[in-house]
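J.: The structure file query16.pdb (PDB, C-alpha atoms) is provided below.
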```
MODEL        1
ATOM      1  CA  MET A  94       3.183  -2.058 -17.307
ATOM      2  CA  VAL A  95       6.745  -1.040 -16.422
ATOM      3  CA  MET A  96       5.665  -0.496 -12.825
ATOM      4  CA  MET A  97       4.040  -3.946 -12.701
ATOM      5  CA  VAL A  98       7.123  -5.652 -14.155
ATOM      6  CA  ALA A  99       9.422  -3.859 -11.689
ATOM      7  CA  ALA A 100       7.172  -4.829  -8.772
ATOM      8  CA  PHE A 101       7.054  -8.443  -9.996
ATOM      9  CA  VAL A 102      10.854  -8.621 -10.187
ATOM     10  CA  LEU A 103      11.291  -7.111  -6.699
ATOM     11  CA  HIS A 104       8.696  -9.211  -4.889
ATOM     12  CA  ARG A 105      11.092 -12.085  -4.374
ATOM     13  CA  PRO A 106      13.168 -13.215  -1.407
ATOM     14  CA  PRO A 107      15.074 -11.844   0.358
ATOM     15  CA  LEU A 108      13.548  -8.338   0.038
ATOM     16  CA  ASP A 109       9.969  -9.585  -0.045
ATOM     17  CA  GLU A 110      10.475 -11.465   3.250
ATOM     18  CA  VAL A 111      12.137  -8.686   5.279
ATOM     19  CA  GLY A 112      10.338  -8.178   8.588
ATOM     20  CA  TRP A 113       8.214 -11.332   8.376
ATOM     21  CA  ILE A 114       8.500 -13.962  11.104
ATOM     22  CA  ASN A 115       6.885 -17.391  10.956
ATOM     23  CA  LEU A 116       4.398 -18.036  13.740
ATOM     24  CA  PRO A 117       5.777 -20.561  16.235
ATOM     25  CA  GLN A 118       3.700 -23.718  16.549
ATOM     26  CA  ASP A 119       1.857 -22.734  13.378
ATOM     27  CA  ALA A 120      -0.315 -25.871  13.112
ATOM     28  CA  GLN A 121      -1.507 -25.682  16.726
ATOM     29  CA  ILE A 122      -2.320 -21.973  16.575
ATOM     30  CA  ARG A 123      -4.148 -22.381  13.261
ATOM     31  CA  LYS A 124      -6.231 -25.167  14.790
ATOM     32  CA  ILE A 125      -7.122 -22.960  17.783
ATOM     33  CA  LEU A 126      -8.017 -20.046  15.514
ATOM     34  CA  SER A 127     -10.179 -22.256  13.368
ATOM     35  CA  SER A 128     -12.067 -23.631  16.367
ATOM     36  CA  GLU A 129     -12.445 -20.229  18.095
ATOM     37  CA  ILE A 130     -13.183 -17.987  15.114
ATOM     38  CA  GLY A 131     -14.530 -20.480  12.609
ATOM     39  CA  PRO A 132     -15.745 -19.071   9.279
ATOM     40  CA  ALA A 133     -15.735 -15.390  10.370
ATOM     41  CA  SER A 134     -12.911 -13.993   8.215
ATOM     42  CA  GLY A 135     -11.833 -10.488   9.176
ATOM     43  CA  LEU A 136      -9.292  -8.172  10.775
ATOM     44  CA  TYR A 137      -9.230  -8.844  14.511
ATOM     45  CA  VAL A 138      -7.660  -6.560  17.111
ATOM     46  CA  TYR A 139      -6.541  -7.492  20.624
ATOM     47  CA  PRO A 140      -6.936  -6.516  23.377
ATOM     48  CA  LYS A 141     -10.544  -5.409  22.827
ATOM     49  CA  LEU A 142     -10.572  -1.964  21.233
ATOM     50  CA  VAL A 143     -13.637  -1.661  19.017
ATOM     51  CA  GLY A 144     -17.341  -1.831  19.802
ATOM     52  CA  ILE A 145     -17.111   0.161  23.027
ATOM     53  CA  ASP A 146     -20.098   2.443  23.661
ATOM     54  CA  ALA A 147     -19.635   6.110  24.572
ATOM     55  CA  ASP A 148     -20.967   5.616  28.124
ATOM     56  CA  SER A 149     -18.169   3.222  29.056
ATOM     57  CA  ALA A 150     -15.420   4.747  26.904
ATOM     58  CA  GLY A 151     -13.381   6.108  29.835
ATOM     59  CA  ALA A 152     -13.349   2.816  31.720
ATOM     60  CA  ALA A 153     -12.725   0.884  28.516
ATOM     61  CA  GLN A 154      -9.749   3.128  27.639
ATOM     62  CA  ALA A 155      -8.272   2.561  31.093
ATOM     63  CA  ALA A 156      -8.745  -1.207  30.742
ATOM     64  CA  TYR A 157      -7.214  -1.102  27.273
ATOM     65  CA  SER A 158      -4.161   0.837  28.506
ATOM     66  CA  GLU A 159      -3.706  -1.654  31.341
ATOM     67  CA  ALA A 160      -4.043  -4.584  28.957
ATOM     68  CA  LEU A 161      -1.317  -3.089  26.737
ATOM     69  CA  LYS A 162       1.029  -2.924  29.728
ATOM     70  CA  THR A 163       0.390  -6.453  30.985
ATOM     71  CA  GLY A 164      -0.084  -8.572  27.877
ATOM     72  CA  PRO A 165       0.429  -8.881  24.139
ATOM     73  CA  SER A 166      -1.359  -6.690  21.613
ATOM     74  CA  GLY A 167      -1.775  -6.644  17.886
ATOM     75  CA  PHE A 168      -4.112  -7.484  15.118
ATOM     76  CA  LEU A 169      -4.734 -10.589  13.131
ATOM     77  CA  LEU A 170      -5.881 -10.790   9.546
ATOM     78  CA  TYR A 171      -7.796 -14.037   9.625
ATOM     79  CA  ARG A 172      -9.080 -15.995   6.665
ATOM     80  CA  SER A 173     -11.136 -19.070   7.325
ATOM     81  CA  ALA A 174     -10.498 -22.356   5.540
ATOM     82  CA  GLY A 175     -11.433 -22.005   1.878
ATOM     83  CA  ASP A 176     -11.500 -18.186   2.019
ATOM     84  CA  ALA A 177      -8.069 -17.692   0.454
ATOM     85  CA  VAL A 178      -7.174 -14.648  -1.610
ATOM     86  CA  ASP A 179      -7.480 -15.399  -5.334
ATOM     87  CA  PRO A 180      -4.076 -14.616  -6.905
ATOM     88  CA  GLU A 181      -5.604 -13.928 -10.326
ATOM     89  CA  ARG A 182      -8.092 -11.427  -8.877
ATOM     90  CA  GLY A 183      -5.308  -9.853  -6.826
ATOM     91  CA  MET A 184      -3.198  -9.405  -9.969
ATOM     92  CA  VAL A 185      -6.104  -7.792 -11.834
ATOM     93  CA  GLU A 186      -6.807  -5.424  -8.913
ATOM     94  CA  GLU A 187      -3.105  -4.551  -8.651
ATOM     95  CA  LEU A 188      -2.941  -3.882 -12.399
ATOM     96  CA  LEU A 189      -6.009  -1.616 -12.222
ATOM     97  CA  LYS A 190      -4.595   0.240  -9.208
ATOM     98  CA  THR A 191      -1.263   0.727 -10.972
ATOM     99  CA  PHE A 192      -3.004   2.004 -14.110
ATOM    100  CA  VAL A 193      -5.082   4.486 -12.077
ATOM    101  CA  VAL A 194      -2.151   5.870 -10.053
ATOM    102  CA  ALA A 195       0.077   6.133 -13.140
ATOM    103  CA  THR A 196      -2.716   7.942 -14.991
ATOM    104  CA  LEU A 197      -3.252  10.339 -12.063
ATOM    105  CA  ALA A 198       0.483  11.031 -11.861
ATOM    106  CA  SER A 199       0.521  11.667 -15.637
ATOM    107  CA  LEU A 200      -2.398  14.096 -15.326
ATOM    108  CA  LEU A 201      -0.662  15.950 -12.492
ATOM    109  CA  LEU A 202       2.508  16.143 -14.568
ATOM    110  CA  ALA A 203       0.571  17.391 -17.590
ATOM    111  CA  SER A 204      -0.857  20.231 -15.466
ATOM    112  CA  THR A 205       2.521  21.621 -14.369
ATOM    113  CA  THR A 206       4.083  24.790 -15.712
ATOM    114  CA  GLY A 207       7.636  26.081 -15.582
ATOM    115  CA  ARG A 208      10.659  23.859 -16.086
ATOM    116  CA  ARG A 209       9.600  20.904 -18.115
ATOM    117  CA  GLY A 210      12.805  19.068 -19.025
ATOM    118  CA  TYR A 211      12.997  15.284 -18.806
ATOM    119  CA  LEU A 212      14.752  15.307 -15.408
ATOM    120  CA  PHE A 213      12.097  17.625 -13.963
ATOM    121  CA  ARG A 214       9.302  15.415 -15.291
ATOM    122  CA  PHE A 215      11.019  12.278 -13.989
ATOM    123  CA  GLY A 216      11.602  13.850 -10.562
ATOM    124  CA  PHE A 217       8.050  15.164 -10.342
ATOM    125  CA  VAL A 218       6.513  11.722 -10.853
ATOM    126  CA  ALA A 219       9.149   9.984  -8.689
ATOM    127  CA  VAL A 220       8.315  12.315  -5.780
ATOM    128  CA  ILE A 221       4.614  11.541  -6.195
ATOM    129  CA  GLY A 222       5.550   7.856  -5.981
ATOM    130  CA  ALA A 223       7.730   8.360  -2.908
ATOM    131  CA  ILE A 224       4.908  10.171  -1.121
ATOM    132  CA  ALA A 225       2.337   7.556  -2.112
ATOM    133  CA  SER A 226       4.654   4.688  -1.225
ATOM    134  CA  SER A 227       5.753   5.839   2.200
ATOM    135  CA  SER A 228       2.681   7.468   3.725
ATOM    136  CA  THR A 229       0.683   4.402   4.760
ATOM    137  CA  HIS A 230       3.710   2.278   5.630
ATOM    138  CA  ILE A 231       5.101   4.929   7.987
ATOM    139  CA  SER A 232       1.679   5.310   9.651
ATOM    140  CA  TYR A 233       1.494   1.540  10.190
ATOM    141  CA  HIS A 234       4.959   1.651  11.761
ATOM    142  CA  ALA A 235       3.997   4.565  14.011
ATOM    143  CA  TRP A 236       0.549   3.401  15.109
ATOM    144  CA  PHE A 237       0.624  -0.385  14.914
ATOM    145  CA  GLY A 238       4.297  -1.043  15.604
ATOM    146  CA  PHE A 239       5.144  -2.658  12.276
ATOM    147  CA  PRO A 240       8.879  -3.480  12.392
ATOM    148  CA  ALA A 241      11.196  -0.831  10.962
ATOM    149  CA  ALA A 242      12.906  -3.348   8.656
ATOM    150  CA  TYR A 243       9.523  -4.444   7.273
ATOM    151  CA  THR A 244       8.452  -0.811   6.801
ATOM    152  CA  LEU A 245      11.622   0.153   4.938
ATOM    153  CA  ALA A 246      11.457  -2.953   2.738
ATOM    154  CA  ARG A 247       7.791  -2.265   1.843
ATOM    155  CA  ILE A 248       8.617   1.346   0.978
ATOM    156  CA  ALA A 249      11.453   0.145  -1.273
ATOM    157  CA  LEU A 250       9.147  -2.425  -2.887
ATOM    158  CA  ASP A 251       6.753   0.426  -3.721
ATOM    159  CA  VAL A 252       9.199   3.238  -4.568
ATOM    160  CA  VAL A 253      11.382   1.322  -7.048
ATOM    161  CA  PRO A 254       8.456   0.518  -9.391
ATOM    162  CA  TRP A 255       7.441   4.192  -9.194
ATOM    163  CA  ILE A 256      10.965   5.180 -10.246
ATOM    164  CA  ALA A 257      10.767   2.764 -13.191
ATOM    165  CA  GLY A 258       7.329   4.130 -14.105
ATOM    166  CA  SER A 259       8.622   7.706 -13.761
ATOM    167  CA  LEU A 260      11.211   7.048 -16.468
ATOM    168  CA  VAL A 261       8.443   6.084 -18.891
ATOM    169  CA  ILE A 262       5.876   8.700 -17.827
ATOM    170  CA  ALA A 263       8.509  11.463 -18.126
ATOM    171  CA  ALA A 264       9.229  10.348 -21.684
ATOM    172  CA  LEU A 265       5.559  10.146 -22.681
ATOM    173  CA  VAL A 266       4.106  13.263 -21.017
ATOM    174  CA  ARG A 267       5.823  16.258 -22.580
ATOM    175  CA  PRO A 268       4.914  19.922 -22.574
ATOM    176  CA  ARG A 269       3.012  21.413 -25.484
ATOM    177  CA  ASP A 270       3.560  24.872 -26.933
ATOM    178  CA  GLY A 271       6.928  25.443 -25.357
ATOM    179  CA  ASP A 272       6.605  25.912 -21.621
ATOM    180  CA  ALA A 273       2.794  25.835 -21.380
ATOM    181  CA  PRO A 274       1.227  22.885 -19.610
ATOM    182  CA  ALA A 275      -0.473  20.199 -21.648
ATOM    183  CA  ARG A 276      -4.158  20.943 -21.590
ATOM    184  CA  ILE A 277      -7.021  18.533 -21.204
ATOM    185  CA  GLN A 278     -10.095  19.675 -23.085
ATOM    186  CA  PRO A 279     -13.457  19.410 -21.307
ATOM    187  CA  LEU A 280     -16.020  17.067 -22.857
ATOM    188  CA  THR A 281     -18.233  19.994 -23.908
ATOM    189  CA  ALA A 282     -15.451  21.403 -26.090
ATOM    190  CA  ALA A 283     -15.460  18.265 -28.217
ATOM    191  CA  ARG A 284     -18.950  19.001 -29.593
TER     192      ARG A 284
ENDMDL
END
```
Can you present the structure in this file as structure tokens?

T.:
Amino acid sequence: MVMMVAAFVLHRPPLDEVGWINLPQDAQIRKILSSEIGPASGLYVYPKLVGIDADSAGAAQAAYSEALKTGPSGFLLYRSAGDAVDPERGMVEELLKTFVVATLASLLLASTTGRRGYLFRFGFVAVIGAIASSSTHISYHAWFGFPAAYTLARIALDVVPWIAGSLVIAALVRPRDGDAPARIQPLTAAR
């Protein structure tokens, strides 16, 4: 819950808007998209990249490379009219995701041996969060050209809640029996 509250507090302007640019002539472009794509919601890429058969792959790659040099490229997440994302469902999915990743981080922490002081436990979980938070965003910057400012802001929006969650997880997951890792008993042992 701490991670969700921290994320909620951070997802506000100006940080939440870093790297976003409004589409010029928004109404006209939306009208064109609606007439050209219609109800087919999806993630569209341009110039043509997918659906190329193996026999024409070489020629298609050459055409794609040329198209990148001579015109715009990108991808478009398109939602048709009435196919909006449900904020309540999104919040539930985000809550479930946060619960799962916090639980996995807690299980990894519980399996460690060696130094087990609070700062170690905090750092261990915070590093897991930094890795999880940056990996996809950096790949999107490298491969799709997401703006650097957007990438850094998204990493911050993900890392800070992990740091907040790390404070709590480090307090809750403590070593048992001195320096031994906390053990999770298999289901068969409970019989």

J.: By how many Å are CA of Leu201 (chain A) and CA of Pro268 (chain A) apart?

T.: 12.2 Å

J.: So what does the PyMOL selection byres ((chain A and resi 223) around 10) actually pick up in this one, as a VMD selection string?

T.: chain A and resid 218 to 222 224 to 228 248 to 249 251 to 253 255 to 256

J.: Given only C-alpha atoms as the basis, pick out the residue of A:Asp148, A:Met96, A:Ser158, A:Gly135 nearest to Thr191 (chain A).

T.: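 Among A:Asp148, A:Met96, A:Ser158, A:Gly135, it is A:Met96 that comes nearest to Thr191 (chain A).
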
J.: How close does each residue of region 147-227 of chain A get to region 99-123 of chain A, giving the shortest atom pair and distance in Å to one decimal for every residue with an atom at most 12 Å away, counting all atoms listed in the file, sorted by chain and residue number, as a Markdown table?

T.:
```
| residue | atom | partner | partner_atom | distance |
| --- | --- | --- | --- | --- |
| A:Leu169 | CA | A:Leu116 | CA | 11.8 |
| A:Tyr171 | CA | A:Arg123 | CA | 9.8 |
| A:Arg172 | CA | A:Arg123 | CA | 10.4 |
| A:Ser173 | CA | A:Arg123 | CA | 9.7 |
| A:Ala174 | CA | A:Arg123 | CA | 10.0 |
| A:Met184 | CA | A:Phe101 | CA | 10.3 |
| A:Glu187 | CA | A:Ala100 | CA | 10.3 |
| A:Leu188 | CA | A:Ala100 | CA | 10.8 |
| A:Thr191 | CA | A:Ala100 | CA | 10.3 |
```

J.: Kindly indicate which residue among A:Leu170, A:Ile262, A:Leu250, A:Val95 lies nearest to Ile130 (chain A), using all atoms listed in the file for the distances.

T.: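 Among the listed residues, the smallest separation from Ile130 (chain A) belongs to A:Leu170.
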
J.: Measuring between only C-alpha atoms, which one of A:Ser204, A:Leu245, A:Phe239, A:Val194 shows the shortest distance to Met94 (chain A)?

T.: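 Of all the options, A:Val194 lies closest to Met94 (chain A).
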
J.: So, with only C-alpha atoms as the atoms that count, which of A:Asp176, A:His230, A:Arg267, A:Gln154 lies closest to Thr206 (chain A)?

T.: A:Arg267

J.: Pull the neighbourhood of (13.2, 10.7, -18.6) for me: all residues within 12 Å in file coordinates, counting all atoms listed in the file, as a ChimeraX atom specification.

T.: /A:209-219,256-267

J.: Could you jot down the CA of Met97 (chain A) to CA of Lys190 (chain A) separation for me, Å, one decimal place?

T.: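 Value for the CA of Met97 (chain A)-CA of Lys190 (chain A) distance: 10.2 Å.
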
J.: One decimal, in Å: what's the spacing between CA of Gly175 (chain A) and CA of Pro132 (chain A)?

T.: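 Rounded to one decimal, the two atoms are 9.1 Å apart.
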